[in-house]
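Novice: Supplied structure: my_file_37.txt, compact mmCIF, C-alpha atoms.
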# COMPACT_ATOMS: atom_id res chain seq x y z
CA MET A 1 -43.96 -33.26 -32.51
CA ILE A 2 -46.61 -35.98 -32.84
CA ALA A 3 -44.84 -37.92 -30.05
CA GLY A 4 -44.79 -34.78 -27.89
CA GLY A 5 -48.50 -34.32 -28.52
CA VAL A 6 -49.16 -37.96 -27.60
CA ALA A 7 -47.20 -37.54 -24.35
CA ALA A 8 -49.11 -34.36 -23.49
CA GLY A 9 -52.40 -36.10 -24.29
CA VAL A 10 -51.59 -39.17 -22.15
CA PHE A 11 -50.41 -37.09 -19.16
CA GLY A 12 -53.32 -34.66 -19.48
CA SER A 13 -55.85 -37.46 -19.65
CA LEU A 14 -54.35 -39.37 -16.67
CA LEU A 15 -54.14 -36.24 -14.53
CA GLY A 16 -57.44 -34.66 -15.57
CA LEU A 17 -55.92 -31.71 -17.43
CA GLY A 18 -56.67 -30.35 -20.89
CA GLY A 19 -53.01 -30.58 -21.84
CA GLY A 20 -52.34 -26.86 -22.36
CA VAL A 21 -49.96 -26.62 -19.39
CA LEU A 22 -47.83 -29.27 -21.11
CA ILE A 23 -48.16 -28.28 -24.76
CA VAL A 24 -47.08 -24.65 -24.37
CA PRO A 25 -43.78 -25.48 -22.53
CA LEU A 26 -43.18 -28.38 -24.93
CA LEU A 27 -43.45 -26.14 -27.99
CA THR A 28 -41.59 -23.15 -26.57
CA LEU A 29 -38.87 -24.81 -24.50
CA GLY A 30 -38.64 -28.01 -26.56
CA PHE A 31 -39.12 -26.79 -30.14
CA GLY A 32 -38.23 -23.11 -29.80
CA LEU A 33 -41.57 -21.75 -30.97
CA PRO A 34 -42.51 -18.15 -30.00
CA LEU A 35 -44.80 -18.24 -26.98
CA ARG A 36 -47.78 -16.66 -28.74
CA GLU A 37 -47.65 -19.24 -31.54
CA ALA A 38 -47.43 -22.02 -28.95
CA VAL A 39 -50.51 -20.61 -27.21
CA GLY A 40 -52.45 -20.66 -30.51
CA VAL A 41 -51.48 -24.29 -31.19
CA SER A 42 -52.32 -25.24 -27.62
CA LEU A 43 -55.80 -23.71 -27.89
CA VAL A 44 -56.52 -25.90 -30.93
CA SER A 45 -55.35 -29.03 -29.09
CA VAL A 46 -57.41 -28.10 -26.05
CA ILE A 47 -60.56 -27.81 -28.20
CA VAL A 48 -59.92 -31.29 -29.65
CA THR A 49 -59.60 -32.97 -26.24
CA SER A 50 -62.54 -30.98 -24.86
CA SER A 51 -64.86 -31.88 -27.76
CA ALA A 52 -63.92 -35.56 -27.61
CA SER A 53 -64.38 -35.95 -23.87
CA ALA A 54 -67.43 -33.65 -23.61
CA GLY A 55 -69.20 -35.86 -26.16
CA VAL A 56 -68.68 -38.89 -23.91
CA TYR A 57 -69.69 -37.00 -20.75
CA LEU A 58 -72.92 -35.79 -22.40
CA GLN A 59 -73.77 -39.30 -23.62
CA ARG A 60 -73.46 -40.46 -20.01
CA HIS A 61 -75.49 -37.41 -18.81
CA VAL A 62 -72.75 -36.38 -16.38
CA ALA A 63 -72.19 -32.82 -17.68
CA ASN A 64 -74.66 -30.07 -16.75
CA LEU A 65 -75.30 -28.41 -20.12
CA ARG A 66 -77.44 -25.55 -18.76
CA LEU A 67 -74.96 -24.53 -16.09
CA GLY A 68 -72.08 -24.95 -18.53
CA MET A 69 -73.71 -22.72 -21.13
CA THR A 70 -74.65 -20.05 -18.61
CA LEU A 71 -71.06 -19.87 -17.34
CA GLU A 72 -69.49 -20.15 -20.78
CA LEU A 73 -71.28 -16.98 -21.82
CA PHE A 74 -68.91 -15.27 -19.37
CA THR A 75 -65.81 -17.38 -20.10
CA ALA A 76 -66.34 -16.51 -23.78
CA LEU A 77 -66.41 -12.79 -22.88
CA GLY A 78 -63.18 -13.21 -20.89
CA ALA A 79 -61.64 -15.20 -23.74
CA LEU A 80 -62.58 -12.53 -26.30
CA ALA A 81 -60.88 -9.85 -24.18
CA GLY A 82 -57.89 -12.12 -23.48
CA GLY A 83 -57.46 -13.03 -27.15
CA LEU A 84 -57.25 -9.35 -28.09
CA VAL A 85 -54.93 -8.47 -25.18
CA ALA A 86 -52.60 -11.39 -26.06
CA PHE A 87 -51.56 -9.62 -29.27
CA MET A 88 -50.65 -6.47 -27.31
CA VAL A 89 -48.36 -7.95 -24.65
CA THR A 90 -44.79 -9.12 -25.16
CA ASP A 91 -43.57 -12.72 -25.08
CA ARG A 92 -41.72 -11.92 -21.83
CA VAL A 93 -44.92 -10.88 -20.07
CA LEU A 94 -46.69 -14.01 -21.32
CA ALA A 95 -43.76 -16.15 -20.13
CA GLY A 96 -43.95 -14.55 -16.68
CA LEU A 97 -47.69 -15.17 -16.45
CA PHE A 98 -47.23 -18.74 -17.63
CA ALA A 99 -44.59 -19.36 -14.97
CA LEU A 100 -47.09 -18.18 -12.32
CA LEU A 101 -49.77 -20.46 -13.77
CA LEU A 102 -47.42 -23.47 -13.69
CA VAL A 103 -46.62 -22.84 -10.01
CA TYR A 104 -50.35 -22.52 -9.26
CA VAL A 105 -51.09 -25.82 -11.05
CA ALA A 106 -48.18 -27.56 -9.27
CA VAL A 107 -49.40 -26.36 -5.85
CA SER A 108 -53.00 -27.41 -6.71
CA MET A 109 -51.70 -30.86 -7.69
CA LEU A 110 -49.79 -31.24 -4.44
CA ARG A 111 -52.82 -30.26 -2.39
CA ARG A 112 -55.21 -32.49 -4.31
CA ARG A 113 -56.11 -35.63 -2.41
CA GLU A 114 -57.18 -38.98 -3.76
CA PRO A 115 -60.88 -38.92 -4.58
CA ALA A 116 -62.89 -39.64 -1.44
CA PRO A 117 -66.11 -41.64 -1.50
CA ALA A 118 -68.91 -39.45 -2.84
CA PRO A 119 -70.53 -37.56 0.04
CA ALA A 120 -74.25 -37.85 0.55
CA VAL A 121 -75.59 -35.09 -1.65
CA GLN A 122 -78.50 -32.90 -0.67
CA PRO A 123 -81.75 -33.78 -2.35
CA HIS A 124 -82.91 -31.38 -4.99
CA PRO A 125 -85.38 -28.92 -3.51
CA VAL A 126 -87.81 -29.55 -6.31
CA GLN A 127 -87.69 -33.24 -5.64
CA ALA A 128 -87.90 -33.18 -1.87
CA ASP A 129 -89.54 -30.91 0.63
CA GLN A 130 -86.69 -29.79 2.84
CA GLY A 131 -88.30 -27.03 4.83
CA PRO A 132 -86.90 -23.50 5.26
CA ALA A 133 -83.82 -24.50 7.28
CA ALA A 134 -82.31 -26.64 4.54
CA ASP A 135 -81.34 -23.69 2.37
CA ALA A 136 -80.14 -21.52 5.24
CA HIS A 137 -76.48 -21.84 4.12
CA LEU A 138 -77.26 -20.58 0.64
CA PRO A 139 -76.79 -16.92 -0.25
CA ALA A 140 -79.96 -14.91 -0.61
CA VAL A 141 -80.23 -15.39 -4.33
CA ALA A 142 -83.54 -13.78 -5.07
CA ALA A 143 -83.16 -10.67 -2.94
CA SER A 144 -81.97 -8.45 -5.79
CA GLY A 145 -83.58 -10.16 -8.78
CA TRP A 146 -80.79 -12.24 -10.33
CA PRO A 147 -80.39 -15.11 -10.18
CA SER A 148 -83.97 -16.00 -9.33
CA GLU A 149 -84.93 -19.19 -7.52
CA ARG A 150 -86.35 -20.45 -10.80
CA THR A 151 -83.03 -19.87 -12.55
CA ILE A 152 -81.19 -21.71 -9.79
CA ASP A 153 -83.66 -24.60 -10.06
CA ARG A 154 -83.11 -24.81 -13.80
CA LEU A 155 -79.32 -24.79 -13.47
CA SER A 156 -79.24 -27.37 -10.69
CA GLY A 157 -79.00 -31.08 -11.36
CA PRO A 158 -80.28 -34.26 -9.83
CA GLY A 159 -78.99 -34.44 -6.25
CA TYR A 160 -77.40 -30.99 -5.99
CA ARG A 161 -78.40 -27.35 -5.96
CA VAL A 162 -76.24 -24.65 -7.51
CA ARG A 163 -75.26 -21.71 -5.27
CA GLY A 164 -72.97 -18.68 -5.55
CA LEU A 165 -73.80 -18.04 -9.21
CA ARG A 166 -72.55 -14.45 -9.07
CA ARG A 167 -69.13 -15.55 -7.84
CA GLY A 168 -69.24 -18.22 -10.49
CA VAL A 169 -69.79 -15.61 -13.19
CA ILE A 170 -66.78 -13.55 -12.03
CA GLY A 171 -64.61 -16.68 -11.85
CA ALA A 172 -65.75 -17.67 -15.33
CA VAL A 173 -64.58 -14.35 -16.81
CA VAL A 174 -61.17 -14.83 -15.15
CA ALA A 175 -60.95 -18.42 -16.46
CA GLY A 176 -61.69 -17.15 -19.98
CA LEU A 177 -58.99 -14.47 -19.74
CA VAL A 178 -56.38 -16.96 -18.50
CA SER A 179 -57.33 -19.47 -21.18
CA ALA A 180 -56.96 -16.98 -24.02
CA LEU A 181 -53.71 -15.45 -22.76
CA LEU A 182 -51.95 -18.70 -21.90
CA GLY A 183 -53.51 -21.32 -24.19
CA VAL A 184 -54.90 -23.53 -21.45
CA GLY A 185 -58.44 -24.85 -21.08
CA GLY A 186 -58.93 -23.16 -17.73
CA GLY A 187 -60.26 -26.32 -16.08
CA ILE A 188 -57.82 -25.76 -13.23
CA ILE A 189 -59.90 -22.66 -12.34
CA LYS A 190 -63.38 -23.81 -13.39
CA VAL A 191 -63.44 -27.16 -11.59
CA PRO A 192 -62.61 -25.80 -8.09
CA LEU A 193 -64.90 -22.83 -8.78
CA MET A 194 -67.91 -25.04 -9.50
CA ASN A 195 -67.09 -27.70 -6.94
CA LEU A 196 -66.03 -25.61 -3.94
CA MET A 197 -67.87 -22.31 -4.49
CA MET A 198 -70.99 -23.38 -6.33
CA GLY A 199 -71.79 -26.72 -4.70
CA VAL A 200 -71.53 -28.81 -7.88
CA PRO A 201 -70.31 -32.41 -7.30
CA LEU A 202 -66.71 -32.95 -8.48
CA ARG A 203 -67.62 -35.42 -11.21
CA VAL A 204 -70.24 -33.06 -12.67
CA ALA A 205 -67.90 -30.05 -12.28
CA THR A 206 -65.13 -31.86 -14.18
CA ALA A 207 -67.49 -32.93 -16.98
CA THR A 208 -69.13 -29.49 -17.23
CA SER A 209 -65.74 -27.75 -17.26
CA ASN A 210 -64.68 -30.03 -20.12
CA LEU A 211 -67.76 -29.04 -22.06
CA MET A 212 -67.15 -25.33 -21.46
CA ILE A 213 -63.49 -25.46 -22.50
CA GLY A 214 -64.44 -25.85 -26.18
CA VAL A 215 -66.36 -22.57 -26.39
CA THR A 216 -63.85 -20.74 -24.17
CA ALA A 217 -60.89 -21.83 -26.28
CA SER A 218 -62.64 -21.33 -29.63
CA SER A 219 -63.62 -17.73 -28.78
CA SER A 220 -59.94 -16.84 -28.64
CA ALA A 221 -58.67 -19.49 -31.11
CA VAL A 222 -60.69 -17.69 -33.81
CA ILE A 223 -58.68 -14.54 -33.10
CA TYR A 224 -55.37 -16.43 -33.23
CA LEU A 225 -56.45 -18.21 -36.44
CA LEU A 226 -57.51 -15.06 -38.30
CA ARG A 227 -54.57 -12.95 -37.11
CA GLY A 228 -51.98 -15.48 -38.26
CA GLY A 229 -51.22 -16.76 -34.76
CA ILE A 230 -51.62 -20.47 -35.53
CA ASP A 231 -48.96 -22.35 -37.49
CA PRO A 232 -50.82 -25.15 -39.34
CA TYR A 233 -47.62 -27.19 -39.80
CA VAL A 234 -47.16 -27.35 -36.03
CA ALA A 235 -50.83 -27.38 -34.99
CA GLY A 236 -51.72 -30.36 -37.23
CA PRO A 237 -49.22 -32.92 -35.86
CA THR A 238 -49.63 -31.66 -32.29
CA ALA A 239 -53.45 -31.86 -32.33
CA VAL A 240 -53.41 -35.36 -33.87
CA GLY A 241 -50.84 -36.46 -31.28
CA VAL A 242 -52.82 -34.99 -28.38
CA TYR A 243 -56.01 -36.71 -29.58
CA LEU A 244 -54.24 -40.09 -29.85
CA GLY A 245 -52.57 -39.57 -26.46
CA ALA A 246 -55.81 -38.59 -24.72
CA SER A 247 -57.57 -41.67 -26.18
CA LEU A 248 -54.70 -43.88 -25.00
CA GLY A 249 -54.64 -42.22 -21.57
CA SER A 250 -58.33 -42.87 -20.94
CA ARG A 251 -57.78 -46.59 -21.75
CA ILE A 252 -54.78 -47.10 -19.45
CA ALA A 253 -55.95 -44.83 -16.62
CA HIS A 254 -57.05 -47.72 -14.39
CA ARG A 255 -53.63 -49.42 -14.66
CA VAL A 256 -51.51 -46.40 -13.73
CA ASN A 257 -50.57 -45.27 -10.23
CA THR A 258 -51.60 -41.63 -10.54
CA ARG A 259 -50.05 -40.70 -7.17
CA VAL A 260 -46.53 -41.43 -8.45
CA LEU A 261 -47.38 -39.83 -11.79
CA ARG A 262 -48.65 -36.70 -10.06
CA SER A 263 -45.45 -36.32 -8.02
CA LEU A 264 -43.39 -36.67 -11.20
CA PHE A 265 -45.65 -34.20 -12.95
CA VAL A 266 -45.23 -31.61 -10.19
CA VAL A 267 -41.44 -31.79 -10.67
CA VAL A 268 -41.88 -31.30 -14.44
CA LEU A 269 -44.21 -28.34 -13.86
CA LEU A 270 -41.84 -26.65 -11.44
CA TYR A 271 -38.88 -27.18 -13.81
CA ASN A 272 -40.92 -25.62 -16.63
CA ALA A 273 -41.98 -22.77 -14.33
CA ILE A 274 -38.30 -21.95 -13.65
CA GLN A 275 -37.49 -22.05 -17.39
CA MET A 276 -40.44 -19.79 -18.18
CA ALA A 277 -39.47 -17.38 -15.40
CA LEU A 278 -35.91 -17.23 -16.77
CA ARG A 279 -37.32 -16.53 -20.22
CA ALA A 280 -39.39 -13.69 -18.77
CA LEU A 281 -36.37 -12.17 -17.03
CA ARG A 282 -34.00 -12.44 -20.00
CA MET B 1 -106.81 -30.78 -38.45
CA ILE B 2 -103.22 -30.19 -37.43
CA ARG B 3 -102.49 -31.08 -33.83
CA GLN B 4 -99.75 -29.16 -32.10
CA ALA B 5 -97.09 -31.47 -30.65
CA GLU B 6 -97.04 -31.48 -26.87
CA PRO B 7 -93.77 -30.26 -25.40
CA LEU B 8 -91.56 -33.01 -23.99
CA PRO B 9 -91.12 -33.20 -20.21
CA LEU B 10 -88.01 -31.27 -19.10
CA ALA B 11 -85.97 -34.39 -18.27
CA ASP B 12 -86.70 -35.97 -21.67
CA ALA B 13 -85.91 -32.74 -23.49
CA ARG B 14 -82.60 -32.49 -21.58
CA GLU B 15 -81.63 -36.04 -22.48
CA ASN B 16 -82.52 -35.59 -26.15
CA LEU B 17 -80.48 -32.40 -26.41
CA ASP B 18 -77.53 -33.95 -24.56
CA ARG B 19 -77.61 -36.90 -26.96
CA ALA B 20 -77.82 -34.71 -30.08
CA ILE B 21 -74.89 -32.57 -28.94
CA ALA B 22 -72.84 -35.61 -27.95
CA ARG B 23 -73.30 -37.09 -31.43
CA LEU B 24 -72.28 -33.79 -33.04
CA LEU B 25 -69.14 -33.45 -30.89
CA VAL B 26 -67.97 -37.01 -31.48
CA ALA B 27 -68.60 -36.82 -35.25
CA ALA B 28 -66.96 -33.40 -35.63
CA THR B 29 -63.91 -34.42 -33.59
CA LEU B 30 -63.37 -37.60 -35.61
CA THR B 31 -63.84 -35.68 -38.87
CA SER B 32 -61.43 -32.90 -37.95
CA VAL B 33 -58.74 -35.24 -36.60
CA GLY B 34 -59.14 -37.42 -39.71
CA ILE B 35 -58.66 -34.41 -42.02
CA LEU B 36 -55.66 -33.23 -40.01
CA ALA B 37 -54.17 -36.74 -40.09
CA ILE B 38 -54.31 -36.71 -43.92
CA GLY B 39 -52.52 -33.35 -43.87
CA VAL B 40 -49.87 -34.69 -41.50
CA ILE B 41 -49.30 -37.78 -43.68
CA LEU B 42 -48.89 -35.55 -46.75
CA LEU B 43 -46.48 -33.38 -44.75
CA ILE B 44 -44.43 -36.41 -43.72
CA ALA B 45 -44.43 -37.67 -47.33
CA ARG B 46 -42.95 -34.31 -48.37
CA GLY B 47 -40.05 -35.01 -46.02
CA THR B 48 -39.79 -31.51 -44.56
CA SER B 49 -39.77 -30.70 -40.87
CA PRO B 50 -42.80 -28.62 -39.80
CA LEU B 51 -40.41 -26.23 -38.06
CA ASP B 52 -38.60 -25.49 -41.34
CA LEU B 53 -41.76 -24.37 -43.11
CA SER B 54 -42.94 -20.78 -42.91
CA PHE B 55 -46.69 -20.32 -42.94
CA GLU B 56 -48.94 -17.66 -44.35
CA ARG B 57 -52.19 -16.47 -42.85
CA LEU B 58 -55.32 -18.51 -43.39
CA ASP B 59 -56.71 -17.93 -46.87
CA VAL B 60 -60.04 -19.74 -47.15
CA ALA B 61 -60.24 -19.20 -50.91
CA ARG B 62 -57.08 -21.29 -51.45
CA ILE B 63 -58.29 -24.33 -49.52
CA PRO B 64 -60.34 -26.00 -52.34
CA ALA B 65 -57.40 -25.82 -54.76
CA ASP B 66 -55.00 -27.19 -52.12
CA LEU B 67 -57.41 -30.04 -51.37
CA ALA B 68 -57.80 -30.87 -55.05
CA GLY B 69 -54.02 -30.78 -55.48
CA LEU B 70 -53.55 -33.05 -52.42
CA ARG B 71 -51.38 -30.39 -50.75
CA ALA B 72 -50.94 -30.74 -46.98
CA GLU B 73 -51.83 -27.08 -46.37
CA GLY B 74 -55.42 -27.52 -47.58
CA PHE B 75 -56.09 -30.44 -45.23
CA LEU B 76 -54.35 -28.79 -42.28
CA TRP B 77 -56.28 -25.51 -42.61
CA LEU B 78 -59.58 -27.31 -43.21
CA GLY B 79 -59.03 -29.56 -40.18
CA LEU B 80 -58.17 -26.56 -38.01
CA MET B 81 -61.27 -24.68 -39.19
CA VAL B 82 -63.51 -27.66 -38.37
CA ILE B 83 -61.94 -27.91 -34.89
CA VAL B 84 -62.41 -24.23 -34.11
CA ALA B 85 -65.98 -24.23 -35.50
CA THR B 86 -67.11 -27.33 -33.58
CA PRO B 87 -67.93 -25.59 -30.25
CA ALA B 88 -69.89 -22.90 -32.12
CA ALA B 89 -71.83 -25.62 -33.94
CA ARG B 90 -72.58 -27.20 -30.58
CA VAL B 91 -73.98 -23.88 -29.32
CA GLY B 92 -76.03 -23.60 -32.54
CA VAL B 93 -77.59 -27.02 -31.91
CA SER B 94 -78.34 -25.98 -28.32
CA LEU B 95 -80.01 -22.80 -29.55
CA VAL B 96 -82.32 -24.78 -31.82
CA GLY B 97 -83.03 -27.35 -29.10
CA TYR B 98 -83.86 -24.75 -26.47
CA ALA B 99 -85.95 -22.68 -28.87
CA ARG B 100 -87.95 -25.77 -29.85
CA GLY B 101 -88.43 -26.69 -26.19
CA GLY B 102 -89.70 -23.19 -25.40
CA GLU B 103 -86.79 -22.42 -23.06
CA ARG B 104 -86.42 -18.77 -23.93
CA SER B 105 -83.72 -17.85 -21.41
CA MET B 106 -81.40 -20.70 -22.47
CA ALA B 107 -82.06 -19.91 -26.14
CA LEU B 108 -81.07 -16.29 -25.45
CA ILE B 109 -77.89 -17.41 -23.68
CA SER B 110 -77.01 -19.62 -26.67
CA ALA B 111 -77.61 -16.70 -29.04
CA ALA B 112 -75.45 -14.43 -26.87
CA ILE B 113 -72.56 -16.95 -26.95
CA LEU B 114 -72.80 -17.14 -30.74
CA THR B 115 -72.78 -13.33 -30.85
CA ILE B 116 -69.55 -13.25 -28.82
CA ILE B 117 -67.92 -15.78 -31.16
CA GLY B 118 -69.16 -13.67 -34.10
CA ALA B 119 -67.65 -10.58 -32.46
CA SER B 120 -64.31 -12.42 -32.16
CA ILE B 121 -64.38 -13.06 -35.90
CA LEU B 122 -65.31 -9.47 -36.73
CA LEU B 123 -62.75 -7.92 -34.39
CA SER B 124 -59.91 -10.13 -35.59
CA SER B 125 -60.82 -9.60 -39.25
CA SER B 126 -60.99 -5.82 -38.88
CA GLY B 127 -58.06 -5.54 -36.46
CA GLY B 128 -55.58 -6.84 -39.00
Can you give me the file's structure in the form of structure tokens?

Specialist:
Amino acid sequence: MIAGGVAAGVFGSLLGLGGGVLIVPLLTLGFGLPLREAVGVSLVSVIVTSSASAGVYLQRHVANLRLGMTLELFTALGALAGGLVAFMVTDRVLAGLFALLLVYVAVSMLRRREPAPAPAVQPHPVQADQGPAADAHLPAVAASGWPSERTIDRLSGPGYRVRGLRRGVIGAVVAGLVSALLGVGGGIIKVPLMNLMMGVPLRVATATSNLMIGVTASSSAVIYLLRGGIDPYVAGPTAVGVYLGASLGSRIAHRVNTRVLRSLFVVVLLYNAIQMALRALR
Amino acid sequence: MIRQAEPLPLADARENLDRAIARLLVAATLTSVGILAIGVILLIARGTSPLDLSFERLDVARIPADLAGLRAEGFLWLGLMVIVATPAARVGVSLVGYARGGERSMALISAAILTIIGASILLSSSGG
């Protein structure tokens, strides 16, 4: 179990995932744990990796704390609802949803390209006078009160300006729901949401998502913990293993060919998706 | 005469808060993983597979006795509690930092997040 946690931690770290998409199949398909218990254990492991990496990102001032906290208010709401719903649905429904998530992650991985050189980012409007045309592509944020220009200024960072906050809020609720139901960090939703829809640079979006995962996962992990949904004998070794694996992964990342690893990982995800789908149909 | 401290510039306040939270997260993660590791070692020393053990619900009152008796359960539950509480502690530190810096809206957001986590605890305690 510790070795499985280490493997999940190494893979997750090398591929930029929290590890939940690996831990849940490992515990259910590999160790025969009920899906809901596996989700509870996975949430704990996800908090560990999130807290460890968010600490480093904050020290380096990469994560946007204000934006992260504003969005995590809504992921926490989604996670609260998801945590309560998770105890009402059957294992088969959860397995079916997890199979869909695995296919989504596999497709996202296939479509993801190697990181391109950082594009020239727009100067922050507070820092540079851009004139009225510069913000023409942005939605009319202040027309109906929220979010105000001042709020947007506060949530933006050096070199970029946040847009589409309303869509971001809706996406954050969905990410919270998915996280609580399926035991994943939800980074696979939050990172594209912030990067593609809200104009946050990829590096900042990844760091901010990592920061948010802790609160998202803990909002529902509390429910699992107090309702007897977390097995301490399984969660302990798995969390320790994931922490060790994630630490190892971050050290060897520069020596590993992630393109080959990603292709292998997609195969593993699709195999797990089929197994989960079969479990749902049984 | 007591002079009121001037508020820090926004960039400095941001950096200070980031640093304080980073320290908290790193310390809490190391502490929780360390506690869990002790529990895992005690579990291994017992020679039983984790899958063969049936667990009971979390009982906070039993943890001190289990810790004193060097039983794995005490360390495992304590480690898990520290892990789950760490993000809430981070939000608590943010709340204090924003309140001190006079950032009312961010302080309110922090308080709202803590309220949601509190609601999770209440709902799961009352929902059986």

Novice: By how many Å are CA of Pro87 (chain B) and CA of Val215 (chain A) apart?

Specialist: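 Separating CA of Pro87 (chain B) from CA of Val215 (chain A) is a distance of 5.1 Å.
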
Novice: May I have the residues within 6 Å of region 219-233 of chain A as a count of residues only, using all atoms listed in the file and disregarding those fewer than 4 positions away in the same chain?

Specialist: 13

Novice: Within 9 Å of Ser94 (chain B), counting all atoms listed in the file, which residues show up once you throw out same-chain ones fewer than 6 positions away? Write them as a VMD selection string, please.

Specialist: chain B and resid 17 to 18 20 to 21 106 to 107 110

Novice: Using all atoms listed in the file, which residue out of A:Gly236, A:Val267, A:Ala95, A:Ser50 lies closest to Leu78 (chain B)?

Specialist: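 Comparing A:Gly236, A:Val267, A:Ala95, A:Ser50 against Leu78 (chain B), the winner is A:Gly236.
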
Novice: Taking (-53.3, -44.0, -19.3) in the file's coordinates, which residues come within 7 Å, counting all atoms listed in the file, written as an mmCIF file with C-alpha atoms, in the coordinates of the input?

Specialist:
data_model
loop_
_atom_site.group_PDB
_atom_site.id
_atom_site.type_symbol
_atom_site.label_atom_id
_atom_site.label_comp_id
_atom_site.auth_asym_id
_atom_site.auth_seq_id
_atom_site.Cartn_x
_atom_site.Cartn_y
_atom_site.Cartn_z
ATOM 1 C CA VAL A 10 -51.590 -39.170 -22.150
ATOM 2 C CA LEU A 14 -54.350 -39.370 -16.670
ATOM 3 C CA LEU A 248 -54.700 -43.880 -25.000
ATOM 4 C CA GLY A 249 -54.640 -42.220 -21.570
ATOM 5 C CA SER A 250 -58.330 -42.870 -20.940
ATOM 6 C CA ARG A 251 -57.780 -46.590 -21.750
ATOM 7 C CA ILE A 252 -54.780 -47.100 -19.450
ATOM 8 C CA ALA A 253 -55.950 -44.830 -16.620
ATOM 9 C CA VAL A 256 -51.510 -46.400 -13.730
#

Novice: Skip Arg279 (chain A) itself and residues of its chain fewer than 3 positions away, then list as a ChimeraX atom specification all residues within 7 Å of it, counting all atoms listed in the file.

Specialist: /A:92,95,275-276,282

Novice: Rounded to one decimal place, report the CA of Leu155 (chain A)-CA of Ala119 (chain B) distance in Å.

Specialist: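 Spanning CA of Leu155 (chain A) to CA of Ala119 (chain B) is a straight-line distance of 26.4 Å.
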
Novice: Ranking A:Tyr104, A:Tyr243, A:Tyr271, A:Tyr160 by minimum distance to chain B and counting all atoms listed in the file, which one comes first?

Specialist: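 Once distances to chain B are computed over all atoms listed in the file, the minimum belongs to A:Tyr243.
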
Novice: Excluding Ala27 (chain B) and its own-chain neighbours fewer than 2 positions away, which residues fall within 12 Å of it when counting all atoms listed in the file? Please give them as a ChimeraX atom specification.

Specialist: /A:48,51-52,55-56 /B:20-25,29-34,82-83,86,89-90

Novice: How many Å separate CA of Ala72 (chain B) from CA of Ala246 (chain A)?

Specialist: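 Computing it gives 24.1 Å between the two atoms.
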
Novice: Please, what is the axis-aligned box for every listed atom of region 230-249 of chain A with 5 Å on each side, as centre and edge lengths in Å to one decimal, as AutoDock Vina command-line options?

Specialist:
--center_x -52.4 --center_y -32.2 --center_z -30.7 --size_x 20.4 --size_y 33.4 --size_z 28.2

Novice: Which is closest to chain B among A:Ser263, A:Thr28, A:Ser218, A:Thr206, if we use all atoms listed in the file?

Specialist: A:Ser218

Novice: Could you name the residues that touch Pro25 (chain A) at 12 Å or less, counting only C-alpha atoms, but leaving out those on the same chain fewer than 5 positions away, as JSON, numbers by chain?

Specialist: {"A": [4, 5, 8, 19, 20, 30, 31, 32, 33, 34, 35, 36, 37, 38, 39, 41, 42, 94, 95, 98, 99, 101, 102, 182, 183, 184, 268, 269, 270, 271, 272, 273, 274, 275, 276, 277, 279]}

Novice: A:Ile170, A:Ala106, A:Ala63, A:Leu278: which is nearest chain B, counting all atoms listed in the file?

Specialist: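 Using all atoms listed in the file, chain B sits closest to A:Ala63.
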
Novice: For chain A, which residue out of B:Ala61, B:Ile44, B:Leu70, B:Ala88 is the nearest one, using all atoms listed in the file?

Specialist: B:Ala88

Novice: Between B:Leu67, B:Ile116, B:Val93, B:Ala45, which residue has the minimum interatomic distance to chain A, considering only C-alpha atoms?

Specialist: B:Ile116
